[in-house]
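Structure file work.txt (compact mmCIF, C-alpha atoms and all ligand atoms) is printed below.
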# COMPACT_ATOMS: atom_id res chain seq x y z
CA MET A 534 -48.79 1.30 28.89
CA ILE A 535 -46.50 1.53 25.90
CA ASP A 536 -47.80 0.70 22.46
CA ILE A 537 -45.41 -1.95 21.13
CA GLU A 538 -47.07 -2.11 17.71
CA LYS A 539 -46.52 1.61 17.28
CA ILE A 540 -42.91 1.18 18.36
CA ARG A 541 -42.43 -1.72 15.93
CA ASN A 542 -43.55 0.56 13.11
CA ASP A 543 -40.54 2.73 13.83
CA PHE A 544 -38.21 -0.14 12.89
CA PRO A 545 -38.51 -0.87 9.15
CA ILE A 546 -36.19 -3.87 9.34
CA LEU A 547 -38.74 -5.78 11.41
CA GLU A 548 -40.78 -6.07 8.22
CA GLU A 549 -37.98 -8.00 6.49
CA LYS A 550 -38.53 -11.63 5.65
CA VAL A 551 -35.84 -14.19 6.40
CA TYR A 552 -36.05 -17.35 4.26
CA ASN A 553 -39.58 -16.16 3.51
CA LYS A 554 -40.43 -16.20 7.18
CA GLU A 555 -41.17 -13.31 9.49
CA LEU A 556 -38.02 -12.12 11.20
CA VAL A 557 -37.86 -12.70 14.94
CA TYR A 558 -34.85 -10.67 15.99
CA LEU A 559 -33.50 -11.79 19.36
CA ASP A 560 -29.87 -10.76 18.97
CA ASN A 561 -30.25 -7.35 20.55
CA GLY A 562 -27.35 -7.85 22.95
CA ALA A 563 -25.05 -7.91 19.92
CA THR A 564 -26.68 -4.88 18.36
CA THR A 565 -30.16 -3.38 18.36
CA GLN A 566 -32.09 -2.39 15.28
CA LYS A 567 -32.43 1.31 14.47
CA PRO A 568 -35.62 3.33 14.48
CA ARG A 569 -36.47 5.39 11.42
CA GLN A 570 -35.77 8.58 13.38
CA VAL A 571 -32.13 7.59 13.83
CA VAL A 572 -31.59 6.57 10.22
CA ASP A 573 -33.35 9.77 9.05
CA LYS A 574 -30.97 11.79 11.19
CA ILE A 575 -27.97 10.18 9.48
CA VAL A 576 -29.42 10.88 6.05
CA ALA A 577 -30.32 14.47 6.96
CA GLY A 578 -26.82 14.99 8.36
CA TYR A 579 -25.19 13.99 5.10
CA TYR A 580 -27.78 15.67 2.89
CA ASN A 581 -28.20 18.94 4.72
CA THR A 582 -25.45 19.85 7.16
CA ASN A 583 -22.34 17.87 6.25
CA ALA A 584 -19.08 19.76 6.85
CA ASN A 585 -16.06 19.02 8.98
CA ILE A 586 -16.50 20.38 12.48
CA HIS A 587 -14.51 22.59 14.85
CA ARG A 588 -12.33 23.96 12.06
CA GLY A 589 -14.49 25.90 9.66
CA VAL A 590 -15.76 29.44 9.93
CA HIS A 591 -18.37 28.73 7.31
CA PHE A 592 -22.06 28.21 7.94
CA LEU A 593 -22.26 24.45 7.44
CA SER A 594 -19.22 23.75 9.55
CA GLN A 595 -20.68 25.78 12.37
CA LYS A 596 -24.02 24.02 12.10
CA ALA A 597 -22.34 20.62 12.12
CA THR A 598 -20.20 21.64 15.10
CA GLU A 599 -23.24 22.83 17.02
CA ALA A 600 -25.08 19.57 16.32
CA HIS A 601 -22.09 17.49 17.44
CA GLU A 602 -21.67 19.44 20.67
CA ALA A 603 -25.42 19.34 21.31
CA ALA A 604 -25.18 15.55 20.96
CA ARG A 605 -22.45 15.50 23.60
CA GLU A 606 -24.77 17.43 25.88
CA THR A 607 -27.60 14.92 25.22
CA VAL A 608 -25.26 12.08 26.24
CA ARG A 609 -24.21 14.01 29.35
CA GLU A 610 -27.78 14.46 30.40
CA PHE A 611 -28.68 10.84 29.65
CA ILE A 612 -26.11 9.47 32.11
CA ASN A 613 -26.24 12.52 34.41
CA ALA A 614 -22.59 13.50 34.13
CA SER A 615 -21.65 16.88 35.63
CA GLU A 616 -19.99 18.38 32.57
CA SER A 617 -20.23 17.67 28.85
CA LYS A 618 -16.41 17.79 28.68
CA GLU A 619 -16.47 14.56 30.67
CA ILE A 620 -18.06 12.88 27.66
CA ILE A 621 -15.41 11.62 25.24
CA PHE A 622 -16.68 10.19 21.96
CA THR A 623 -14.93 6.95 20.99
CA ARG A 624 -15.60 4.26 18.41
CA GLY A 625 -17.40 2.28 21.08
CA THR A 626 -16.99 0.44 24.36
CA THR A 627 -13.91 -1.41 23.16
CA GLU A 628 -12.04 1.72 22.20
CA ALA A 629 -13.08 3.45 25.42
CA ILE A 630 -11.62 0.64 27.55
CA ASN A 631 -8.46 0.59 25.43
CA LEU A 632 -8.16 4.34 25.91
CA VAL A 633 -8.28 4.02 29.70
CA ALA A 634 -6.00 0.97 29.82
CA SER A 635 -3.49 2.77 27.60
CA SER A 636 -3.62 6.30 28.90
CA TYR A 637 -4.42 5.80 32.58
CA GLY A 638 -2.83 2.36 32.75
CA GLU A 639 0.47 3.22 31.18
CA HIS A 640 0.76 6.44 33.14
CA TYR A 641 -0.37 5.34 36.59
CA LEU A 642 0.10 1.57 36.86
CA ASN A 643 3.43 -0.09 37.46
CA ALA A 644 4.93 -3.56 37.74
CA GLY A 645 3.24 -5.54 40.50
CA ASP A 646 0.18 -3.26 40.69
CA GLU A 647 -3.06 -5.22 40.76
CA VAL A 648 -6.08 -4.75 38.52
CA ILE A 649 -9.30 -6.49 39.55
CA LEU A 650 -11.60 -7.87 36.83
CA THR A 651 -14.40 -10.43 37.12
CA GLU A 652 -15.09 -13.88 35.72
CA MET A 653 -17.93 -12.53 33.59
CA GLU A 654 -16.02 -9.95 31.55
CA HIS A 655 -16.30 -9.51 27.80
CA HIS A 656 -12.96 -9.84 25.98
CA ALA A 657 -13.05 -6.05 25.53
CA ASN A 658 -12.52 -5.73 29.28
CA ILE A 659 -9.87 -8.43 29.52
CA VAL A 660 -7.49 -8.13 26.57
CA PRO A 661 -6.57 -4.42 27.00
CA TRP A 662 -5.51 -5.21 30.59
CA GLN A 663 -3.52 -8.23 29.42
CA MET A 664 -1.79 -5.99 26.89
CA LEU A 665 -0.96 -3.65 29.74
CA ARG A 666 0.30 -6.63 31.74
CA GLU A 667 2.72 -7.40 28.91
CA LYS A 668 3.95 -3.83 28.78
CA LYS A 669 4.07 -2.97 32.46
CA GLY A 670 3.97 -6.22 34.43
CA ILE A 671 0.71 -5.51 36.24
CA VAL A 672 -1.12 -8.38 37.95
CA ILE A 673 -4.71 -9.29 36.99
CA LYS A 674 -7.01 -10.67 39.69
CA VAL A 675 -10.44 -12.08 38.96
CA VAL A 676 -13.60 -11.92 41.12
CA PRO A 677 -15.36 -15.32 41.17
CA MET A 678 -19.11 -15.98 40.90
CA ASN A 679 -21.49 -17.93 43.12
CA ASP A 680 -23.69 -20.74 41.77
CA LYS A 681 -26.35 -18.26 40.60
CA GLN A 682 -23.68 -16.54 38.47
CA GLU A 683 -23.62 -13.48 40.70
CA LEU A 684 -20.32 -11.96 41.77
CA ASP A 685 -19.03 -13.13 45.13
CA LEU A 686 -18.80 -9.79 46.92
CA GLU A 687 -16.99 -11.21 49.95
CA SER A 688 -14.18 -12.45 47.72
CA TYR A 689 -14.17 -9.08 45.98
CA LYS A 690 -13.82 -7.21 49.29
CA ASN A 691 -11.00 -9.49 50.37
CA MET A 692 -9.10 -9.07 47.12
CA PHE A 693 -7.93 -5.54 47.85
CA THR A 694 -4.32 -5.17 48.95
CA PRO A 695 -2.07 -2.10 49.09
CA LYS A 696 -1.01 -3.11 45.56
CA THR A 697 -4.55 -2.88 44.13
CA LYS A 698 -4.73 0.13 41.82
CA PHE A 699 -7.70 -0.39 39.51
CA VAL A 700 -11.03 -2.21 39.19
CA SER A 701 -12.83 -2.79 35.90
CA PHE A 702 -16.09 -4.73 35.62
CA ALA A 703 -19.24 -5.12 33.54
CA HIS A 704 -22.35 -3.47 34.95
CA VAL A 705 -24.43 -6.15 33.21
CA SER A 706 -23.05 -9.42 31.82
CA ASN A 707 -23.64 -9.90 28.10
CA VAL A 708 -23.88 -13.67 28.58
CA LEU A 709 -25.61 -14.11 31.93
CA GLY A 710 -27.66 -10.93 32.21
CA THR A 711 -26.42 -10.60 35.80
CA ILE A 712 -26.78 -7.00 37.00
CA ASN A 713 -23.78 -6.37 39.19
CA PRO A 714 -24.12 -4.13 42.27
CA ALA A 715 -22.04 -1.40 40.65
CA LYS A 716 -22.61 1.28 43.28
CA GLU A 717 -21.59 -1.02 46.12
CA MET A 718 -18.57 -2.30 44.22
CA ILE A 719 -17.41 1.23 43.44
CA GLU A 720 -17.84 2.24 47.07
CA ILE A 721 -15.70 -0.70 48.21
CA ALA A 722 -12.99 0.20 45.69
CA HIS A 723 -13.05 3.85 46.69
CA LYS A 724 -12.70 2.93 50.38
CA ASN A 725 -9.49 1.23 49.29
CA GLY A 726 -8.42 4.31 47.31
CA VAL A 727 -8.85 2.48 43.99
CA LYS A 728 -10.27 3.89 40.75
CA VAL A 729 -13.04 2.07 38.87
CA LEU A 730 -14.13 1.63 35.26
CA VAL A 731 -17.61 0.26 34.62
CA ASP A 732 -18.34 -1.42 31.28
CA GLY A 733 -21.92 -0.32 30.68
CA ALA A 734 -22.32 -1.77 27.17
CA GLN A 735 -25.20 -3.99 28.31
CA ALA A 736 -26.48 -1.73 31.06
CA VAL A 737 -27.16 1.65 29.46
CA PRO A 738 -29.69 0.19 26.98
CA HIS A 739 -31.74 -1.32 29.81
CA LEU A 740 -31.19 0.46 33.13
CA LYS A 741 -31.23 4.07 34.20
CA VAL A 742 -27.55 4.85 34.67
CA ASP A 743 -26.53 7.84 36.75
CA VAL A 744 -22.75 8.14 36.76
CA LYS A 745 -22.81 10.70 39.56
CA ASP A 746 -24.93 8.52 41.81
CA LEU A 747 -22.72 5.51 41.01
CA ASP A 748 -19.65 7.67 41.59
CA ALA A 749 -17.93 5.81 38.72
CA ASP A 750 -14.52 7.15 37.76
CA PHE A 751 -15.00 5.87 34.21
CA TYR A 752 -18.16 4.56 32.54
CA VAL A 753 -18.20 3.27 28.95
CA PHE A 754 -20.83 2.18 26.44
CA SER A 755 -21.67 1.87 22.72
CA ALA A 756 -24.37 3.63 20.73
CA HIS A 757 -25.23 0.64 18.56
CA LYS A 758 -26.59 -1.35 21.49
CA ILE A 759 -29.06 1.40 22.38
CA TYR A 760 -30.77 1.91 19.01
CA GLY A 761 -28.00 4.20 17.78
CA PRO A 762 -25.51 3.92 14.92
CA THR A 763 -22.44 1.69 14.78
CA GLY A 764 -18.95 3.08 15.20
CA ILE A 765 -19.56 5.51 18.03
CA GLY A 766 -19.59 5.20 21.79
CA VAL A 767 -18.70 6.98 24.97
CA LEU A 768 -16.02 7.20 27.56
CA TYR A 769 -17.31 9.09 30.56
CA GLY A 770 -14.57 10.05 32.98
CA LYS A 771 -14.41 12.36 35.97
CA GLU A 772 -12.91 15.66 34.87
CA ASP A 773 -10.08 15.75 37.41
CA ILE A 774 -8.93 12.26 36.40
CA LEU A 775 -9.20 12.84 32.63
CA ASP A 776 -7.35 16.11 33.04
CA LEU A 777 -4.30 14.36 34.44
CA MET A 778 -4.27 11.58 31.84
CA PRO A 779 -2.02 11.82 28.77
CA PRO A 780 -3.65 11.69 25.32
CA TYR A 781 -4.41 8.31 23.78
CA GLN A 782 -3.79 9.19 20.13
CA GLY A 783 -2.14 12.17 18.49
CA GLY A 784 -3.28 14.18 15.50
CA GLY A 785 -5.63 16.98 14.57
CA GLU A 786 -8.37 18.18 16.96
CA MET A 787 -6.49 17.03 20.06
CA ILE A 788 -3.95 19.83 19.96
CA SER A 789 -3.93 23.45 20.94
CA THR A 790 -0.67 24.41 19.17
CA VAL A 791 1.93 22.37 17.31
CA SER A 792 5.48 23.16 16.32
CA PHE A 793 8.28 20.72 15.54
CA GLU A 794 9.75 21.53 18.92
CA LYS A 795 6.65 21.26 21.06
CA THR A 796 2.96 20.45 21.02
CA VAL A 797 0.44 21.75 23.53
CA TYR A 798 -2.56 19.47 23.90
CA ASN A 799 -6.12 20.67 23.64
CA GLU A 800 -8.46 20.84 26.61
CA LEU A 801 -11.09 18.23 27.47
CA PRO A 802 -12.83 16.54 25.78
CA TYR A 803 -10.84 17.22 22.58
CA LYS A 804 -7.55 16.03 24.07
CA PHE A 805 -8.89 12.50 23.65
CA GLU A 806 -10.57 12.94 20.27
CA ALA A 807 -7.79 12.94 17.69
CA GLY A 808 -8.87 13.24 14.06
CA THR A 809 -12.23 14.02 12.48
CA PRO A 810 -14.87 12.65 14.84
CA ASP A 811 -18.01 10.83 13.74
CA TYR A 812 -20.07 14.01 13.88
CA ILE A 813 -22.91 12.47 11.89
CA GLY A 814 -22.89 9.42 14.15
CA SER A 815 -22.97 11.57 17.28
CA THR A 816 -26.14 13.37 16.22
CA ALA A 817 -27.81 10.08 15.28
CA PHE A 818 -26.69 8.70 18.64
CA ALA A 819 -28.34 11.64 20.41
CA GLU A 820 -31.49 10.99 18.39
CA ALA A 821 -31.47 7.38 19.63
CA LEU A 822 -31.13 8.57 23.23
CA ASN A 823 -34.02 10.99 22.71
CA TYR A 824 -36.04 8.13 21.25
CA VAL A 825 -35.36 6.02 24.34
CA SER A 826 -36.10 8.91 26.69
CA ALA A 827 -39.44 9.54 24.99
CA ILE A 828 -40.51 5.94 25.64
CA GLY A 829 -38.89 5.90 29.07
CA LEU A 830 -36.15 3.46 30.08
CA GLU A 831 -38.25 2.26 33.02
CA ASN A 832 -41.07 1.33 30.64
CA MET A 833 -38.63 -0.43 28.35
CA GLU A 834 -37.08 -2.36 31.20
CA GLU A 835 -40.48 -3.44 32.47
CA HIS A 836 -41.45 -4.75 29.05
CA GLU A 837 -38.14 -6.54 28.49
CA ILE A 838 -38.17 -8.15 31.94
CA GLU A 839 -41.71 -9.37 31.33
CA LEU A 840 -40.52 -11.03 28.11
CA LEU A 841 -37.52 -12.48 29.92
CA ARG A 842 -39.70 -14.00 32.66
CA TYR A 843 -42.17 -15.37 30.16
CA ALA A 844 -39.46 -16.85 27.94
CA THR A 845 -37.51 -18.30 30.88
CA ALA A 846 -40.59 -20.06 32.28
CA LYS A 847 -41.48 -21.50 28.85
CA LEU A 848 -37.93 -22.57 28.12
CA LYS A 849 -37.64 -24.35 31.47
CA GLU A 850 -40.59 -26.55 30.49
CA ILE A 851 -38.49 -28.08 27.70
CA ASP A 852 -36.61 -31.25 28.65
CA GLY A 853 -32.84 -30.94 28.83
CA VAL A 854 -32.69 -27.13 28.92
CA VAL A 855 -29.91 -25.64 31.06
CA ILE A 856 -30.04 -21.88 31.67
CA TYR A 857 -26.86 -19.92 32.41
CA GLY A 858 -27.42 -16.82 34.47
CA ASN A 859 -29.81 -17.22 37.38
CA ALA A 860 -29.07 -14.03 39.24
CA THR A 861 -31.77 -12.40 41.35
CA HIS A 862 -31.11 -9.09 39.57
CA LYS A 863 -31.04 -9.94 35.92
CA SER A 864 -31.38 -8.08 32.65
CA ALA A 865 -33.12 -9.35 29.48
CA VAL A 866 -30.49 -11.90 28.45
CA LEU A 867 -31.40 -15.58 28.15
CA SER A 868 -28.43 -17.93 27.65
CA PHE A 869 -29.05 -21.65 27.46
CA ASN A 870 -28.14 -25.01 26.02
CA VAL A 871 -30.21 -28.12 25.43
CA GLU A 872 -28.53 -31.37 26.44
CA GLY A 873 -27.28 -33.28 23.42
CA ILE A 874 -27.63 -30.35 21.01
CA HIS A 875 -24.67 -28.20 20.06
CA HIS A 876 -25.38 -24.47 20.49
CA TYR A 877 -24.30 -23.88 16.91
CA ASP A 878 -26.81 -26.42 15.56
CA MET A 879 -29.55 -24.83 17.65
CA GLY A 880 -28.66 -21.38 16.31
CA MET A 881 -28.55 -22.55 12.68
CA LEU A 882 -31.85 -24.38 12.90
CA LEU A 883 -33.56 -21.46 14.62
CA ASP A 884 -32.20 -19.19 11.89
CA LYS A 885 -33.87 -21.35 9.24
CA GLN A 886 -37.14 -20.57 11.00
CA GLY A 887 -36.43 -16.83 10.84
CA ILE A 888 -35.32 -16.59 14.46
CA ALA A 889 -32.07 -14.68 14.99
CA VAL A 890 -30.20 -15.63 18.17
CA ARG A 891 -26.53 -15.57 19.06
CA THR A 892 -24.48 -18.71 19.54
CA GLY A 893 -20.93 -19.30 20.72
CA HIS A 894 -18.75 -17.89 23.47
CA HIS A 895 -20.10 -14.33 23.12
CA CYS A 896 -16.60 -12.87 23.44
CA ALA A 897 -16.37 -14.27 26.95
CA GLN A 898 -14.20 -17.37 26.65
CA PRO A 899 -12.89 -17.17 30.23
CA LEU A 900 -16.51 -17.22 31.42
CA MET A 901 -17.19 -20.27 29.24
CA ASP A 902 -14.19 -21.98 30.91
CA VAL A 903 -15.63 -21.21 34.34
CA LEU A 904 -19.01 -22.60 33.29
CA GLY A 905 -17.28 -25.62 31.75
CA ILE A 906 -18.91 -25.17 28.33
CA GLU A 907 -17.86 -24.08 24.86
CA GLY A 908 -20.74 -21.78 24.20
CA THR A 909 -24.43 -21.07 24.64
CA VAL A 910 -27.45 -20.05 22.63
CA ARG A 911 -28.38 -16.51 23.63
CA ALA A 912 -31.65 -14.67 23.14
CA THR A 913 -31.67 -11.00 24.12
CA PHE A 914 -34.75 -8.82 24.19
CA ALA A 915 -35.40 -5.23 23.16
CA ILE A 916 -38.34 -2.86 23.29
CA TYR A 917 -39.82 -4.03 19.96
CA ASN A 918 -39.96 -7.73 20.87
CA THR A 919 -43.32 -9.27 21.66
CA LYS A 920 -44.79 -12.26 23.52
CA ASP A 921 -45.83 -13.59 20.16
CA GLU A 922 -42.17 -13.61 19.13
CA VAL A 923 -41.22 -15.38 22.34
CA ASP A 924 -43.84 -18.03 21.50
CA LYS A 925 -42.30 -18.45 18.04
CA PHE A 926 -38.85 -18.74 19.61
CA ILE A 927 -40.05 -21.39 22.08
CA GLU A 928 -41.84 -23.30 19.33
CA GLY A 929 -38.63 -23.06 17.29
CA VAL A 930 -36.54 -24.53 20.10
CA LYS A 931 -39.10 -27.33 20.57
CA LYS A 932 -38.95 -28.10 16.87
CA VAL A 933 -35.14 -28.37 16.95
CA VAL A 934 -35.34 -30.59 20.04
CA SER A 935 -37.80 -32.88 18.32
CA MET A 936 -35.50 -33.12 15.27
CA PHE A 937 -32.70 -34.39 17.50
CA LYS A 938 -34.83 -36.98 19.28
N1 LIG B 1 -18.60 -5.16 26.85
C1 LIG B 1 -19.75 -5.83 26.83
C2 LIG B 1 -20.35 -6.29 28.13
C3 LIG B 1 -20.37 -6.11 25.61
O1 LIG B 1 -21.51 -6.79 25.58
C4 LIG B 1 -19.78 -5.65 24.42
C5 LIG B 1 -20.42 -5.93 23.07
N2 LIG B 1 -20.75 -7.25 22.85
C6 LIG B 1 -18.58 -4.95 24.50
C7 LIG B 1 -18.02 -4.72 25.73
C8 LIG B 1 -17.90 -4.42 23.27
O2 LIG B 1 -18.69 -3.45 22.66
P1 LIG B 1 -18.29 -2.85 21.23
O3 LIG B 1 -18.09 -4.04 20.36
O4 LIG B 1 -19.47 -2.04 20.85
O5 LIG B 1 -17.05 -2.06 21.41
Would you mind giving the structure from this file in structure tokens?
Ligand code: PMP
Amino acid sequence: MIDIEKIRNDFPILEEKVYNKELVYLDNGATTQKPRQVVDKIVAGYYNTNANIHRGVHFLSQKATEAHEAARETVREFINASESKEIIFTRGTTEAINLVASSYGEHYLNAGDEVILTEMEHHANIVPWQMLREKKGIVIKVVPMNDKQELDLESYKNMFTPKTKFVSFAHVSNVLGTINPAKEMIEIAHKNGVKVLVDGAQAVPHLKVDVKDLDADFYVFSAHKIYGPTGIGVLYGKEDILDLMPPYQGGGEMISTVSFEKTVYNELPYKFEAGTPDYIGSTAFAEALNYVSAIGLENMEEHEIELLRYATAKLKEIDGVVIYGNATHKSAVLSFNVEGIHHYDMGMLLDKQGIAVRTGHHCAQPLMDVLGIEGTVRATFAIYNTKDEVDKFIEGVKKVVSMFK
């Protein structure tokens, strides 16, 4: 059994008052709060070992370089990649997808080639492909969902044609919580000779992800959604594929030699890391992953799913509640509306009670169109949330409902 009270003590922000009320933070899908260990690591990095990495012969630069590369190794181990050079640090999920769409997409995809996405994608996994469509004339195809908001795998299988060249999909939907059968989907794509990117932004914080077992060609996620700092994330890519891809940005770090006549690019992973990297962020990121590993992702998932089940059952008792995302395999995301109440009003009135939830389209407007709604209220759970907080959330929703009666 994990000790949630002890865990809560690691997160100073949970002590904050909102409008003089105790904070109930249920916006973890947008970003999680940070444990003291992670914030301490950032402070210690700046106070004790700050120096630009990879370039200096001096003591501090070497220490900072070692810490940054050790962080890369921690990430590698966390997702079970084969080599740490397969771990590219980016600004986050969004930049990682843009990198692949730009570098791989512009190099390997041509007019008429098909890219398969799904109805439940975040804008970060739609817009970069649309930008590529504008540049190269690729065709975007979209996997539909069934009435439980699970992907229709038969449609997916039937979508492949000789023109299909790439698949990109979310492992876990940020709106519906649906856990997509990533391994199966990758296998189907590979049988068709098609490469796959998995958007793991909402998966890595909740599920044990093993990129080798999945056989993903690319896997991307952000540190800030797994108790780490903002502004850093990961592109995992198979070495042989990354090796053949051209750089995404040019500058320092990503070169081996430069003259005005010719530049030779650096080896992996540096070829894709132009400029001074967030070497303080990377070490804090590794600290967050160590924090999660010490608790155990399985334990975290169990706790979060228990909260999800409890909250879902309680929410369903309220008249007029419609829940979006009823997949059999579901992560700790609870999206809903109450008939006659705008999601924005619900969010505002919950906020006044100290309850932080997300409202709106959640950067998934095409999904909202499919669902025939403008937005939802979304509660997302993390390791530090409690049943008591779920009770407060449910009471809060009931209060708003009664105000509208
Ligand atoms: N994909 C999914 C499924 C997400 O939930 C998010 C964050 N909301 C992103 C991509 C984008 O992540 P970031 O803003 O950290 O780049």
Counting all atoms listed in the file, what are the residues, protein, DNA or RNA alike, that approach ligand LIG 1 (chain B) to within 8 Å? I want them as an NGL selection string.
:A and (562-564 or 624-629 or 654-658 or 703-708 or 732-735 or 754-758 or 763-764 or 766 or 895-896)
Interatomic distance between CA of Val753 in chain A and CA of Val903 in chain A?
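Atom-to-atom, CA of Val753 in chain A and CA of Val903 in chain A are spaced 25.2 Å apart.
Considering all atoms listed in the file, the residue among A:Gly785, A:Tyr812, A:Ile621, A:Lys931 positioned nearest to Thr582 in chain A is A:Tyr812.
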Around the point (-34.4, 3.3, 11.9) (coordinates from the file), which residues reach within 10 Å if we count all atoms listed in the file? Answer as a ChimeraX atom specification.
/A:542-546,566-575,760-762,821
Among listed residues A:His587, A:Lys674, A:Lys885, A:Lys668, nearest Asn691 in chain A (using only C-alpha atoms)
A:Lys674
A:Ala644, A:Ala614, A:Met534, A:Leu882: which is nearest Lys745 in chain A, counting all atoms listed in the file?
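Ranking A:Ala644, A:Ala614, A:Met534, A:Leu882 by distance to Lys745 in chain A, first place goes to A:Ala614.
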What lies within 9 Å of Val744 in chain A using all atoms listed in the file, ignoring chain neighbours under 5 positions off, as number ranges by chain?
A: 612-615, 749-752, 769
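With CA of Tyr641 in chain A on one side and CA of Ile671 in chain A on the other, the separation reads 10.9 Å.
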Let me know the centre plus edge lengths, in Å and rounded to one decimal, of a box with edges along x, y and z that contains all listed atoms of range 810-816 of chain A and is padded by 8 Å on every side, as AutoDock Vina command-line options.
--center_x -20.5 --center_y 11.7 --center_z 14.6 --size_x 27.3 --size_y 20.6 --size_z 21.4
Atomic distance CA of Asn859 in chain A - CA of Trp662 in chain A, expressed in Å with one decimal
27.9 Å
Which residue of A:Ala860, A:Ala597, A:Leu840, A:Val590 approaches Phe914 in chain A most closely, using all atoms listed in the file:
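The closest residue to Phe914 in chain A is A:Leu840.
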Looking at all atoms listed in the file, which of A:Ala897, A:Met936, A:Ala600, A:Ala915 is the one that sits closest to Gly873 in chain A?
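Checking each candidate against Gly873 in chain A, we get A:Met936 as the closest.
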For Ile630 in chain A, the nearest of the candidates A:Asn561, A:Gln595, A:Ser701, A:Asn581, counting all atoms listed in the file:
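Closest residue, counting all atoms listed in the file: A:Ser701.
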Dump as a PyMOL selection string all residues having an atom at most 6 Å from (-23.9, -10.0, 37.9), computed in the file's coordinates with all atoms listed in the file.
chain A and resi 683-684+711-713
Any idea what's packed within 9 Å of Ile851 in chain A, counting all atoms listed in the file, ignoring anything in its chain fewer than 5 positions away? Could you give it as a count of residues only?
5
Taking the partial coordinates given, rebuild range 565-576 of chain A to contain N, CA, C and O atoms; return it as a PDB file, in the coordinates of the input.
ATOM      1  N   THR A 565     -28.718  -3.593  18.524  1.00  0.00           N
ATOM      2  CA  THR A 565     -30.160  -3.380  18.360  1.00  0.00           C
ATOM      3  C   THR A 565     -30.446  -2.880  16.950  1.00  0.00           C
ATOM      4  O   THR A 565     -29.547  -2.367  16.272  1.00  0.00           O
ATOM      5  N   GLN A 566     -31.666  -3.013  16.537  1.00  0.00           N
ATOM      6  CA  GLN A 566     -32.090  -2.390  15.280  1.00  0.00           C
ATOM      7  C   GLN A 566     -32.283  -0.887  15.492  1.00  0.00           C
ATOM      8  O   GLN A 566     -32.278  -0.422  16.633  1.00  0.00           O
ATOM      9  N   LYS A 567     -32.398  -0.163  14.370  1.00  0.00           N
ATOM     10  CA  LYS A 567     -32.430   1.310  14.470  1.00  0.00           C
ATOM     11  C   LYS A 567     -33.794   1.850  14.072  1.00  0.00           C
ATOM     12  O   LYS A 567     -34.320   1.481  13.006  1.00  0.00           O
ATOM     13  N   PRO A 568     -34.344   2.735  14.869  1.00  0.00           N
ATOM     14  CA  PRO A 568     -35.620   3.330  14.480  1.00  0.00           C
ATOM     15  C   PRO A 568     -35.416   4.298  13.309  1.00  0.00           C
ATOM     16  O   PRO A 568     -34.330   4.836  13.111  1.00  0.00           O
ATOM     17  N   ARG A 569     -36.485   4.498  12.583  1.00  0.00           N
ATOM     18  CA  ARG A 569     -36.470   5.390  11.420  1.00  0.00           C
ATOM     19  C   ARG A 569     -35.875   6.759  11.769  1.00  0.00           C
ATOM     20  O   ARG A 569     -35.106   7.328  10.995  1.00  0.00           O
ATOM     21  N   GLN A 570     -36.232   7.251  12.965  1.00  0.00           N
ATOM     22  CA  GLN A 570     -35.770   8.580  13.380  1.00  0.00           C
ATOM     23  C   GLN A 570     -34.236   8.674  13.341  1.00  0.00           C
ATOM     24  O   GLN A 570     -33.674   9.706  12.966  1.00  0.00           O
ATOM     25  N   VAL A 571     -33.596   7.595  13.763  1.00  0.00           N
ATOM     26  CA  VAL A 571     -32.130   7.590  13.830  1.00  0.00           C
ATOM     27  C   VAL A 571     -31.537   7.547  12.426  1.00  0.00           C
ATOM     28  O   VAL A 571     -30.602   8.291  12.103  1.00  0.00           O
ATOM     29  N   VAL A 572     -32.106   6.682  11.593  1.00  0.00           N
ATOM     30  CA  VAL A 572     -31.590   6.570  10.220  1.00  0.00           C
ATOM     31  C   VAL A 572     -31.849   7.885   9.464  1.00  0.00           C
ATOM     32  O   VAL A 572     -30.977   8.376   8.735  1.00  0.00           O
ATOM     33  N   ASP A 573     -33.033   8.475   9.690  1.00  0.00           N
ATOM     34  CA  ASP A 573     -33.350   9.770   9.050  1.00  0.00           C
ATOM     35  C   ASP A 573     -32.339  10.835   9.453  1.00  0.00           C
ATOM     36  O   ASP A 573     -31.962  11.692   8.647  1.00  0.00           O
ATOM     37  N   LYS A 574     -31.919  10.796  10.694  1.00  0.00           N
ATOM     38  CA  LYS A 574     -30.970  11.790  11.190  1.00  0.00           C
ATOM     39  C   LYS A 574     -29.623  11.651  10.461  1.00  0.00           C
ATOM     40  O   LYS A 574     -28.983  12.660  10.130  1.00  0.00           O
ATOM     41  N   ILE A 575     -29.228  10.401  10.204  1.00  0.00           N
ATOM     42  CA  ILE A 575     -27.970  10.180   9.480  1.00  0.00           C
ATOM     43  C   ILE A 575     -28.093  10.743   8.066  1.00  0.00           C
ATOM     44  O   ILE A 575     -27.219  11.472   7.580  1.00  0.00           O
ATOM     45  N   VAL A 576     -29.206  10.420   7.430  1.00  0.00           N
ATOM     46  CA  VAL A 576     -29.420  10.880   6.050  1.00  0.00           C
ATOM     47  C   VAL A 576     -29.459  12.408   6.006  1.00  0.00           C
ATOM     48  O   VAL A 576     -28.786  13.034   5.179  1.00  0.00           O
TER      49      VAL A 576
END
